Amino acid sequence: EAKEALLQVQNEDYRSEFIYLSWLCRCYMMNNQPALAWETYALMETSNEAFNLLHLIANDCYKMGHFYYACKAFDVLERLDPDPEFWEGKRGAAIGVFQRVLANKDSVDKLQEVVALLHSTQHPQVDKVIRVIQKWAKDNRVQID
């Protein structure tokens, strides 16, 4: 209901404000449309507001179990700011994607992308996480690059 109301706003000045965008993204995530929230972020120019929206997407996607988009968001946040909280979020979201693949709720393609995101991380724990995923993949004859 809130999403429909927000989408009816016609004034471009309002539609470009951070408050509008953050609530629209929140509605997308709460309505199981995290890809639309990610697209909204991707269309923004680099700014503090884009960083704040990315932070919102990372945390709300994580809370809602949209771990793939949470992992992508935490990956960007980690690249922009080496705060350990972002690595912890990225690690948890990556494990969430792995869990969803094991439960046949997500595709192996998403897991492959998450492994690639993990490879870009300079953290001592990253090798352990990747090894667990690769062992499962090998044991189950699943191709993970």
# chains A, B, ... in the order shown; residues from 1 in each chain; ligands from 1
$ residues_around --residues "region 64-69 of chain A" --least-positions-apart "5" --cutoff "7 Å" --atoms "only C-alpha atoms" --output "count of residues only"
6
$ select_by_dssp --residues "region 26-97 of chain A" --states "alpha helix (DSSP H)" --output "number ranges by chain"
A: 26-30, 34-42, 48-64, 67-80, 84-97
$ residues_around --residues "Leu21 (chain A)" --least-positions-apart "3" --cutoff "9 Å" --atoms "only C-alpha atoms" --output "NGL selection string"
:A and (15-18 or 24-26 or 37 or 40-41 or 53)
$ closest_residue --among "A:Glu85, A:Leu43, A:Trp23, A:Leu117" --to "Ile57 (chain A)" --atoms "only C-alpha atoms"
A:Trp23
$ closest_residue --among "A:Ala58, A:Val108, A:Val126, A:Cys27" --to "Arg91 (chain A)" --atoms "only C-alpha atoms"
A:Val126
